[in-house]
Structures are given as structure tokens and as C-alpha cells.
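Asker: Got a structure for you, questions after.
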Amino acid sequence: MMEKVKIIIDGKILEVPSDYTVLKAARMAHIDIPTLCYMEGINEIGACRMCLVEVKGARALQASCVYPVREGMEVYTNTQKVRTARKANLELILSNHDRKCTTCVRSENCELQRLAKELNVGDIPFEGENINYPIDNLSASIVRDNNKCIVCRRCVSVCEKVQTTGVIGAKNRGFKTEIGVPYDKSLKDTSCIMCGQCIQACPVGALREKEHIERVWNALENKDMHVVVQTAPAVRAALGEEFGLPVGTCVTGKMAAALKRLGFAKVFDTNTGADITIMEEGTELLDRINNGGVLPMITSCSPGWIKFCEHYYPEFIPNLSSCKSPHTMLGAVLKSYYADIMGIAPEKIFVVSVMPCTAKKYEIDRPEMEVDSLRDVDAVITTRELARMIKEARIDFVNIDDEPFDNPLGEASGAAVIFGATGGVMEAALRTVAKKLTGSPLDEIEFKQTRGQEGIKEFEINLPNITLKGAVAHGTGNARKLLDNVKSGKAQYHFIEVMACPGGCVTGGGQPIPSFKTKNELDIFSLRANALYEEDRSLPVRYSDDNEFVKKLYEEYLGEPNSHKAHEILHTNYTKREKYSDDFLDMTSVGETV
Amino acid sequence: MAIDNEMLMNIINKNKDNNGALMQILHDVQDSFGYIPYEAQKVIAEELNVPLSEVYGVITFYSRFTLNPVGKYKVGVCLGTACYVKGSDKVLERIENILKIKAGETSADGLYSIDATRCVGACGLAPVMTINEDVYGKLVPEDVDKILAKYK
Ligand code: SF4
Ligand code: SF4
Ligand code: SF4
């Protein structure tokens with residue numbers, strides 16, 4: 001037990017652990033102190049000066065996010081002096097901010113905008129000097145607009161400390177301080193893994209995804225094209241938040257209905273792709289175990305993780321499952337088998353994926369992701385972009401009636417739904433593999449060892465003839481730790497699941513960005529993940545290999561899992577990538593016209 | 001740009017395990033090479049196991065470090081508040097136009113480099129420019145032509 005101290009905040013006597021900051025103590029007591037740069041445990045740097053408070057006996061106002069509590073301390077959070085100072089600091093930030101809220105991607109969900117309103121800032125009395133920064137929109141996934149950046153460094157901390165990628169940083173000093181890639185190069189030419197966790201961290205509109213909305217509207221307008229859409233499992237667990245529904249509301253039916261209203265010819269569930277993934281990956285795993293293949297095998301569903309592995313741990317490339325990710329698998333099936341049975345020319349099919357992920361935008365542009373020179377997937381929109389499209393189309397999302405996904409793909413399994421939370425791919429694979437090895441359905445179908453927010457989860461599963469050792473890591477910082485243990489021989493496994501985003505896809509870089517307040521009050525990960533676990537429990541089929549469409553697909557088209565045909569369309573390969581390339585300085589700089 | 005790898009590795013290995021290794025290494029590299037090229041930053045980042053963005057961030061934070069070789073004549077223009085309000089940005093602009101390089105760059109002949117500096121402590125003389133050890137104050141942009149002509 002941590003020692004406790006007594007402090008008084010605004011006359012309220014509190015007893016808090018002695019390692020607390022004043023901010024943490026205040027929040028515990030529901031005393032609201034505004035912040036912009038603060039992220040608990042990740043970015044505690046006292047830079048934005050919004051959290052100033054008066055501490056009795058201290059000469060100046062103190063930044064409460066970095067000010068430790070002391071026995072008997074008296075703090076005032078709501079004095080004239082405090083209010084004036086906070087407001088002045090906010091005005092200073094706003095004075096050289098590109099304040100074009102009406103056309104800003106984060107309007108109505110912007111911490112700066114909200115604070116300006118809540119702190120009652122009116123006209124900005126002075127106009128600061130503005131540097132006109134070029135926008136970095138060369139990356140396949142991430143757009144950086146430093147004109148809106150308030151230099152809070154939250155993105156920098158997440159990139160470096162959580163993801164351990166560290167591709168962006170603060171440059172120069174004083175008024176000219178700027179966040180970005182060294183030498184004004186683009187994220188495109190770095191070892192950025194496109195995870196979008198920086199977007200999730202950003203309090204303002206300085207970071208956003210590379211939009212594919214225009215691509216999608218244009219395709220929908222083209223009457224020659226058969227435009228179909230698929231949605232990843234995690235999307236249904238979060239899309240509702242964009243329309244004011246409580247966090248954790250599962251909106252599968254509304255989402256399918258809204259997509260039909262948008263004009264897609266067919267609405268499919270990426271879960272079908274996930275079930276196919278389990279068939280392929282499960283078979284690959286057993287094959288590697290039985291025939292002395294490279295172990296541990298590591299999942300390949302998360303393109304952010306794949307890019308991380310290629311840049312930072314290329315020695316593990318042989319360990320990566322050769323399976324494409326579920327949505328590219330489904331894309332490839334749609335442009336082959338589905339095209340066949342529907343009698344549609346594959347080149348007339350346009351596949352849109354709705355994903356909780358920004359890395360998947362990068363993934364679909366990878367040269368390997370095509371079969372017979374047809375792209376597996378033609379556009380990827382994030383959950384946020386889908387919400388924008390639904391709003392633009394004036395669809396009343398909250399009141400729309402549920403509709404099912406379309407045939408002929410039908411309903412996927414519950415095992416596929418849980419892909420959206422960390423541990424889900426592992427659990428889905430274990431269900432099918434265990435059933436196959438024991439020869440009968442399992443008594444306990446839920447593998448709880450794989451669930452939850454622990455950074456690295458390890459477990460052993462007793463199966464006939466083998467004790468299967470597995471591990472699950474989410475967030476590439478945790479993946480790094482896990483791989484280091486494997487590398488040093490400290491830990492041994494058969495099978496590892498890695499998701500690039502902390503929490504897995506439900507908290508992916510393309511998901512709705514919860515307000516700071518919501519994040520403080522709710523456990524976003526658990527609420528969204530539970531929505532998926534509940535859908536799993538509600539479904540009649542809970543093993544991937546029991547999915548009727550998948551069975552038919554193998555019977556009529558692919559033959560066996562890992563067959564020649566399956567390899568041709570469902571598997572891929574990986575490339576070692578430099579962290580810092582030799583010709584980095586010759587790359588295009590942000591702002592050069594290309 | 002070729003760098004002397006052995007010299008670089010010596011510097012790194014000498015400081016690697018010390019506290020504040022990064023700062024010390026950057027100091028030594030700056031002194032030995034006259035600047036800190038990208039190739040050196042890359043090696044430093046790898047050896048110290050820190051991101052390149054951090055190495056680059058530190059270099060651009062301290063005006064003592066430079067990304068490019070410094071010219072024979074190091075032209076500094078103070079952009080501190082006092083100088084700035086008296087128009088030192090116009091002075092800088094004029095210098096940049098005459099020398100055809102930007103702040104932070106070095107001319108192709110290696111003769112001049114320009115630095116936009118922080119307050120040099122001569123606010124009474126604002127706006128101020130320096131060339132190596134020489135200080136010129138109370139400038140208007142037109143003064144620049146004659147001053148630069150003295151340094152060939
Ligand atoms: S970042 Fe926020 S304050 Fe700035 S323009 Fe966008 S919505 Fe407005
Ligand atoms: S996308 Fe991920 S790796 Fe790239 S800058 Fe953002 S946080 Fe860093
Ligand atoms: S881009 Fe966003 S998160 Fe990063 S420093 Fe700027 S405002 Fe903060």
C-alpha cells in the first residue's frame with residue numbers, strides 16, 4: 001500500500017496516495033482541472049499550462065499535472081488569478097492557431113475548441129505570428145497539418161513510448177518548435193507503421209487519416225461498377241458513438257442498413273474473411289508444428305504490426321503467417337469465386353473495406369496485394385469516415401431499422417466477431433484447432449486466458465499430443481518486449497498473436513475518438529470489446545470451420561485449406577525494410593510539389 | 001557525404017555508457033566534423049538505441065549544433081524579441097537574398113553560412129547581426145550589402 005497524505009483542494013479535504021500529482025488528486029474528487037497536453041502515464045510534461053492552480057505558499061501558479069501532492073498542502077483551482085492565467089494561456093495558443101473550425105475534421109470533437117468555449121474565450125485580442133506549414137499528405141494513411149498543431153507532444157509520446165516507433169519528434173525551439181519527421185521529410189519515407197495511434201492521441205485537428213471518401217463516392221456513382229462493401233468486426237462496436245449512442249453499443253444491423261442506403265450493391269461482413277483466415281492460419285499452424293516449420297508462428301492480420309516487424313524485427317519475417325489479412329482475403333474471394341458465381345467480370349467489382357484501422361489504407365496499396373493484376377481491395381475507409389459519409393447522406397442512423405448482411409456470404413461465426421479485440425484471433429484459432437485435435441466440439445469454447453488488457457498474455461493449452469504454448473501482445477511496444485524474450489530464449493511459444501494497436505482493433509487508429517472526458521470516465525476498451533463478446537455469444541455458429549459459406553467455398557473453389565489455389569489468392573509475402581534509409585535525404589520533403 | 005566512420009565510432013564508444021551520452025556525443029561530433037551529418041545521426045541513433053527523431057530534435061534545439069558544414073564566415077542574425085520587433089526578420093531576408101541561401105544553410109563555395117540566432121544579449125543595439133566575432137547593430141536592411149562585401 002502506498003502511503004497516503006492529506007491535502008485540501010478548494011476546501012475539500014482529500015486523502016490520496018503520496019505519489020499522486022495535484023491533478024490526479026483533483027480528478028479523483030471530481031474537481032475538474034482543464035488540460036490539453038496531459039495523457040496519464042504517457043505525456044506528463046506540464047507544457048500547455050492549462051492546468052495551473054494556486055498552491056498556498058508557492059510563489060507562482062503551478063502546473064498541477066506535474067506537481068506532486070504533499071501532506072497538508074492547500075490548493076485552489078478556481079480563483080480569479082487561476083482563471084485569468086488559464087485563459088491568457090489559451091488565448092496565446094489560439095492566437096497562432098489556424099482557427100477554421102467550420103471546415104475542420106475535429107470540429108465538435110476538439111479539445112481546444114471545447115476548452116475555448118468552456119473557458120469563455122471571446123475574441124482573441126492579438127493575432128500571433130503565423131508560420132505557414134506545408135501539410136504532409138504523402139503517407140498512404142496519415143495526414144499531418146502542423147498549422148493546427150498546438151505542440152502538446154501527445155503524438156510524439158505515444159509514437160515513442162507506447163508504439164516504440166519514435167518516427168516523429170519535436171524540432172527546433174521556441175516559437176519555431178514544430179512536430180514532425182527529421183529534415184521535413186514525409187512520414188511516407190520513415191518506419192512509421194501507419195497505426196494511427198497518433199491520431200487517437202491528438203487533441204485537435206492536426207492529425208487525420210488519408211481520406212478515401214471521394215474514391216468511394218465516385219465508385220458508387222459509376223453505374224458500370226458493382227460496388228460492394230465489407231465491415232470489420234470492430235466497426236460495429238464503435239460506429240454508434242459517432243451518432244451519440246453510448247460507448248459499447250453494438251450497431252451491426254443499423255450499420256448494414258445504412259450501407260445499403262449509401263448505395264452499395266452488397267454489404268458483406270469481413271468476419272467471413274476472418275473465418276477463412278482461421279481455416280488457413282489454423283492449418284498453417286498445425287503444419288508448422290507437425291512438420292518442423294518455423295515456430296513460433298505469428299499472426300499477420302494487423303498490417304501495422306506487419307510493417308513494424310519488417311522495419312524493426314526482420315529476423316522474425318519467417319515466423320509471420322503467410323496469410324493475408326481477413327479483409328484482403330475476402331477481397332480476393334470476392335474478385336474470384338464470388339465474381340464466378342454471380343457472373344460478374346472481376347474487373348467490374350469495386351471492393352470497399354470499412355476498417356477501424358489506418359494501416360489498412362497502406363496495406364491495400366502494397367504491390368503484393370493483388371491477384372492477376374486486380375487489387376484485392378480498392379478503398380479503405382475508417383469507422384470515422386463511414387460516419388462522415390452517413391452524415392453527408394443525411395441518413396438517420398439512430399432510427400434506422402436493422403438489416404442483415406447480404407447473401408451469398410451470409411452470417412459468419414462468433415469466432416470471427418472477436419477478432420476485433422486483442423486475443424480474439426488467438427481464441428478463434430484455438431477453438432478450431434482444439435476441436436480438430438480433440439475430434440469433438442469443446443466443453444468450454446471461450447478461452448478467457450486470451451482476453452483482457454494485460455499487455456502481454458501468456459498461456460498453455462493442453463491438447464491431445466501437445467501442450468500448446470501461446471502469447472498475445474497488443475501495441476507494438478508490448479510486441480517488442482515479447483519478441484525480445486523470444487529472441488533471447490527466455491520464452492518459447494508455438495503461436496503468437498500481435499495487434500499493432502493497444503487493445504486491438506476496437507481501439508484502432510481509425511476508430512471514433514472519444515472525448516477526453518469520456519476516456520477519463522469510461523473503460524472504452526472493455527465496453528467495445530464486450531459488445532463483440534456478446535455478439536459472439538448470440539450467434540448460432542461459433543467455430544470458423546462451421547461457417548456454411550466457408551465450407552462451400554472450399555468444396556466448390558479452393559479445395560483444402562493451404563491448397564495451391566488458396567495460396568495463390570489468400571497468402572502473401574513480406575519484405576525486410578530499412579529503419580533509416582541511406583537515401584532518406586533525397587526523398588521528397590513535405591511541401592515540395594510532387 | 002562521406003564521414004570518417006572510425007572517428008565517429010570512437011566518439012560513440014567513448015561516451016556510450018555515460019549519463020547524457022547523446023549530448024556528449026553530439027558535442028564531440030560537432031567539434032570533430034564541424035557539423036552533424038545525417039549519416040552520423042543515423043549511426044548515433046542506432047548505437048544509443050534512440051529514435052533518429054530524438055537525435056535530430058536535440059540538434060535543432062541547440063544552436064551550437066549544426067546540420068550542415070558551417071561557412072568560413074558565420075553570419076548570425078538575432079531573432080530574439082527585441083531585435084525582431086525592430087525588423088531583424090527583414091535584415092535576415094536581405095542577407096538570404098544576397099547570399100542565395102537560407103538560414104541554417106551554407107553557400108556552395110563554403111564561404112558563408114547563415115544562422116537565425118536567439119537573443120545575443122545586445123538588445124540595446126537591436127537589430128543585431130554578427131559575422132564570426134564581429135557585431136553590427138542598429139541595422140536597416142540596406143546596411144547589409146556593405147557589411148557583407150567586407151567578407152570575401
Ligand atoms: S483544431 Fe479544433 S480549434 Fe482548431 S480549427 Fe479544428 S476544431 Fe477548430
Ligand atoms: S501512425 Fe503510428 S508509427 Fe506512424 S507516426 Fe503515428 S503513432 Fe507513430
Ligand atoms: S499533432 Fe496533435 S498530438 Fe501531436 S503535438 Fe500537435 S497537437 Fe499535439
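Going through the C-alpha cells in order, the chains are called A, B, and so on, while each chain numbers its residues from 1 and the ligands are numbered from 1 in the order shown.
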Taking only C-alpha atoms and all ligand atoms into account, which residues have an atom no farther than 6 Å from ligand 3? I'd like them as a PyMOL selection string.
Answerer: chain A and resi 149-155+179+201-204+206-207
Asker: Using only C-alpha atoms and a distance of at most 7 Å, pull out the residues of chain A that contact chain B, as a list in words.
Answerer: Gly166, Val167, Ile168, Gly169, Ala170, Lys171, Asn172, Arg173, Val181, Pro182 and Tyr580 of chain A
Asker: For the residues in that selection, give me all heavy atoms as a compact mmCIF listing (two decimals), in the first residue's frame.
Answerer:
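Result file is again_11.txt:
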```txt
# COMPACT_ATOMS: atom_id res chain seq x y z
N GLY A 166 8.73 5.92 -32.61
CA GLY A 166 9.51 7.17 -32.49
C GLY A 166 9.86 7.83 -33.81
O GLY A 166 10.95 8.38 -33.93
N VAL A 167 8.97 7.80 -34.77
CA VAL A 167 9.32 8.38 -36.07
C VAL A 167 9.12 9.89 -36.11
O VAL A 167 9.65 10.57 -36.99
CB VAL A 167 8.54 7.73 -37.23
CG1 VAL A 167 8.94 6.29 -37.37
CG2 VAL A 167 7.04 7.86 -37.04
N ILE A 168 8.35 10.44 -35.18
CA ILE A 168 8.15 11.88 -35.14
C ILE A 168 8.74 12.44 -33.86
O ILE A 168 8.89 11.72 -32.87
CB ILE A 168 6.65 12.25 -35.21
CG1 ILE A 168 5.84 11.31 -34.31
CG2 ILE A 168 6.15 12.20 -36.64
CD1 ILE A 168 4.38 11.65 -34.21
N GLY A 169 9.08 13.72 -33.90
CA GLY A 169 9.62 14.33 -32.70
C GLY A 169 9.49 15.84 -32.79
O GLY A 169 9.05 16.38 -33.81
N ALA A 170 9.87 16.52 -31.71
CA ALA A 170 9.87 17.98 -31.73
C ALA A 170 11.15 18.45 -32.39
O ALA A 170 12.22 17.87 -32.18
CB ALA A 170 9.77 18.51 -30.31
N LYS A 171 11.03 19.50 -33.20
CA LYS A 171 12.19 20.05 -33.88
C LYS A 171 12.29 21.54 -33.59
O LYS A 171 11.29 22.19 -33.33
CB LYS A 171 12.05 19.87 -35.40
CG LYS A 171 11.76 18.44 -35.82
CD LYS A 171 11.69 18.30 -37.33
CE LYS A 171 10.36 18.78 -37.89
NZ LYS A 171 10.22 18.47 -39.33
N ASN A 172 13.50 22.07 -33.66
CA ASN A 172 13.75 23.50 -33.43
C ASN A 172 13.33 23.90 -32.02
O ASN A 172 13.02 23.06 -31.19
CB ASN A 172 13.05 24.35 -34.47
CG ASN A 172 13.37 23.87 -35.87
OD1 ASN A 172 14.50 23.46 -36.13
ND2 ASN A 172 12.39 23.88 -36.74
N ARG A 173 13.30 25.20 -31.76
CA ARG A 173 12.90 25.60 -30.42
C ARG A 173 12.11 26.90 -30.42
O ARG A 173 12.05 27.59 -31.43
CB ARG A 173 14.12 25.71 -29.50
CG ARG A 173 14.96 26.95 -29.71
CD ARG A 173 16.19 26.89 -28.88
NE ARG A 173 15.95 27.19 -27.48
CZ ARG A 173 16.78 26.85 -26.50
NH1 ARG A 173 17.88 26.18 -26.76
NH2 ARG A 173 16.53 27.19 -25.27
N VAL A 181 8.74 14.82 -38.86
CA VAL A 181 9.81 13.92 -39.24
C VAL A 181 11.08 14.74 -39.46
O VAL A 181 11.01 15.86 -39.95
CB VAL A 181 9.41 13.19 -40.55
CG1 VAL A 181 10.54 12.33 -41.08
CG2 VAL A 181 8.15 12.35 -40.33
N PRO A 182 12.26 14.22 -39.09
CA PRO A 182 13.51 14.96 -39.32
C PRO A 182 13.64 15.45 -40.77
O PRO A 182 13.14 14.80 -41.69
CB PRO A 182 14.59 13.93 -39.00
CG PRO A 182 13.96 13.02 -38.02
CD PRO A 182 12.50 12.96 -38.39
N TYR A 580 16.09 3.51 -41.27
CA TYR A 580 16.50 4.80 -41.81
C TYR A 580 17.23 4.52 -43.11
O TYR A 580 18.32 3.99 -43.10
CB TYR A 580 17.45 5.51 -40.85
CG TYR A 580 16.95 5.56 -39.43
CD1 TYR A 580 17.64 4.94 -38.40
CD2 TYR A 580 15.77 6.22 -39.13
CE1 TYR A 580 17.18 4.98 -37.10
CE2 TYR A 580 15.30 6.26 -37.82
CZ TYR A 580 16.02 5.64 -36.81
OH TYR A 580 15.56 5.68 -35.54
```
Asker: Would you please work out which residue, of A:Phe243, A:Phe308, A:Tyr133, A:Phe126, is nearest to ligand 2 when using only C-alpha atoms and all ligand atoms?
Answerer: A:Phe308
Asker: Using only C-alpha atoms and all ligand atoms, which residues of the polymer chains come no farther than 6 Å from ligand 1? I'd like the answer as a PyMOL selection string.
Answerer: chain A and resi 98-101+104+106-107+110+112-113+148+204-205
Asker: Could you write out the selected residues, including N, CA and C atoms, as a PDB file, in the first residue's frame?
Answerer:
```pdb
ATOM      1  N   ASP A  98      -4.611  27.961 -36.589  1.00  0.00           N
ATOM      2  CA  ASP A  98      -5.427  28.082 -37.793  1.00  0.00           C
ATOM      3  C   ASP A  98      -6.885  27.778 -37.430  1.00  0.00           C
ATOM      4  N   ARG A  99      -7.614  28.822 -36.988  1.00  0.00           N
ATOM      5  CA  ARG A  99      -8.906  28.589 -36.331  1.00  0.00           C
ATOM      6  C   ARG A  99     -10.052  28.448 -37.327  1.00  0.00           C
ATOM      7  N   LYS A 100      -9.933  27.488 -38.220  1.00  0.00           N
ATOM      8  CA  LYS A 100     -11.012  27.326 -39.204  1.00  0.00           C
ATOM      9  C   LYS A 100     -11.915  26.171 -38.800  1.00  0.00           C
ATOM     10  N   CYS A 101     -12.605  26.348 -37.680  1.00  0.00           N
ATOM     11  CA  CYS A 101     -13.381  25.234 -37.134  1.00  0.00           C
ATOM     12  C   CYS A 101     -14.426  24.684 -38.088  1.00  0.00           C
ATOM     13  N   CYS A 104     -13.034  21.966 -40.193  1.00  0.00           N
ATOM     14  CA  CYS A 104     -12.009  21.134 -39.561  1.00  0.00           C
ATOM     15  C   CYS A 104     -12.573  19.762 -39.210  1.00  0.00           C
ATOM     16  N   ARG A 106     -11.974  17.849 -36.883  1.00  0.00           N
ATOM     17  CA  ARG A 106     -12.231  17.576 -35.477  1.00  0.00           C
ATOM     18  C   ARG A 106     -13.278  18.499 -34.842  1.00  0.00           C
ATOM     19  N   SER A 107     -13.866  19.368 -35.628  1.00  0.00           N
ATOM     20  CA  SER A 107     -14.854  20.278 -35.075  1.00  0.00           C
ATOM     21  C   SER A 107     -15.916  19.479 -34.319  1.00  0.00           C
ATOM     22  N   CYS A 110     -13.149  18.460 -30.542  1.00  0.00           N
ATOM     23  CA  CYS A 110     -11.811  19.027 -30.450  1.00  0.00           C
ATOM     24  C   CYS A 110     -11.618  19.566 -29.047  1.00  0.00           C
ATOM     25  N   LEU A 112      -9.370  21.608 -27.959  1.00  0.00           N
ATOM     26  CA  LEU A 112      -9.052  23.037 -27.954  1.00  0.00           C
ATOM     27  C   LEU A 112     -10.327  23.863 -28.123  1.00  0.00           C
ATOM     28  N   GLN A 113     -11.124  23.451 -29.087  1.00  0.00           N
ATOM     29  CA  GLN A 113     -12.390  24.144 -29.333  1.00  0.00           C
ATOM     30  C   GLN A 113     -13.272  24.090 -28.086  1.00  0.00           C
ATOM     31  N   LYS A 148      -2.443  23.319 -37.444  1.00  0.00           N
ATOM     32  CA  LYS A 148      -3.405  23.115 -36.362  1.00  0.00           C
ATOM     33  C   LYS A 148      -2.754  22.526 -35.126  1.00  0.00           C
ATOM     34  N   VAL A 204      -6.509  17.846 -31.204  1.00  0.00           N
ATOM     35  CA  VAL A 204      -7.061  18.787 -32.193  1.00  0.00           C
ATOM     36  C   VAL A 204      -7.055  18.172 -33.595  1.00  0.00           C
ATOM     37  N   GLY A 205      -7.274  19.007 -34.579  1.00  0.00           N
ATOM     38  CA  GLY A 205      -7.376  18.511 -35.956  1.00  0.00           C
ATOM     39  C   GLY A 205      -6.065  18.495 -36.716  1.00  0.00           C
TER      40      GLY A 205
END
```
Asker: Using only C-alpha atoms, pick whichever of A:Asp484, A:Glu108, A:Glu556, A:Asp136 has the shortest atom-to-atom distance to A:Glu315.
Answerer: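 Checking each of A:Asp484, A:Glu108, A:Glu556, A:Asp136 against A:Glu315, counting only C-alpha atoms, the winner is A:Asp484.
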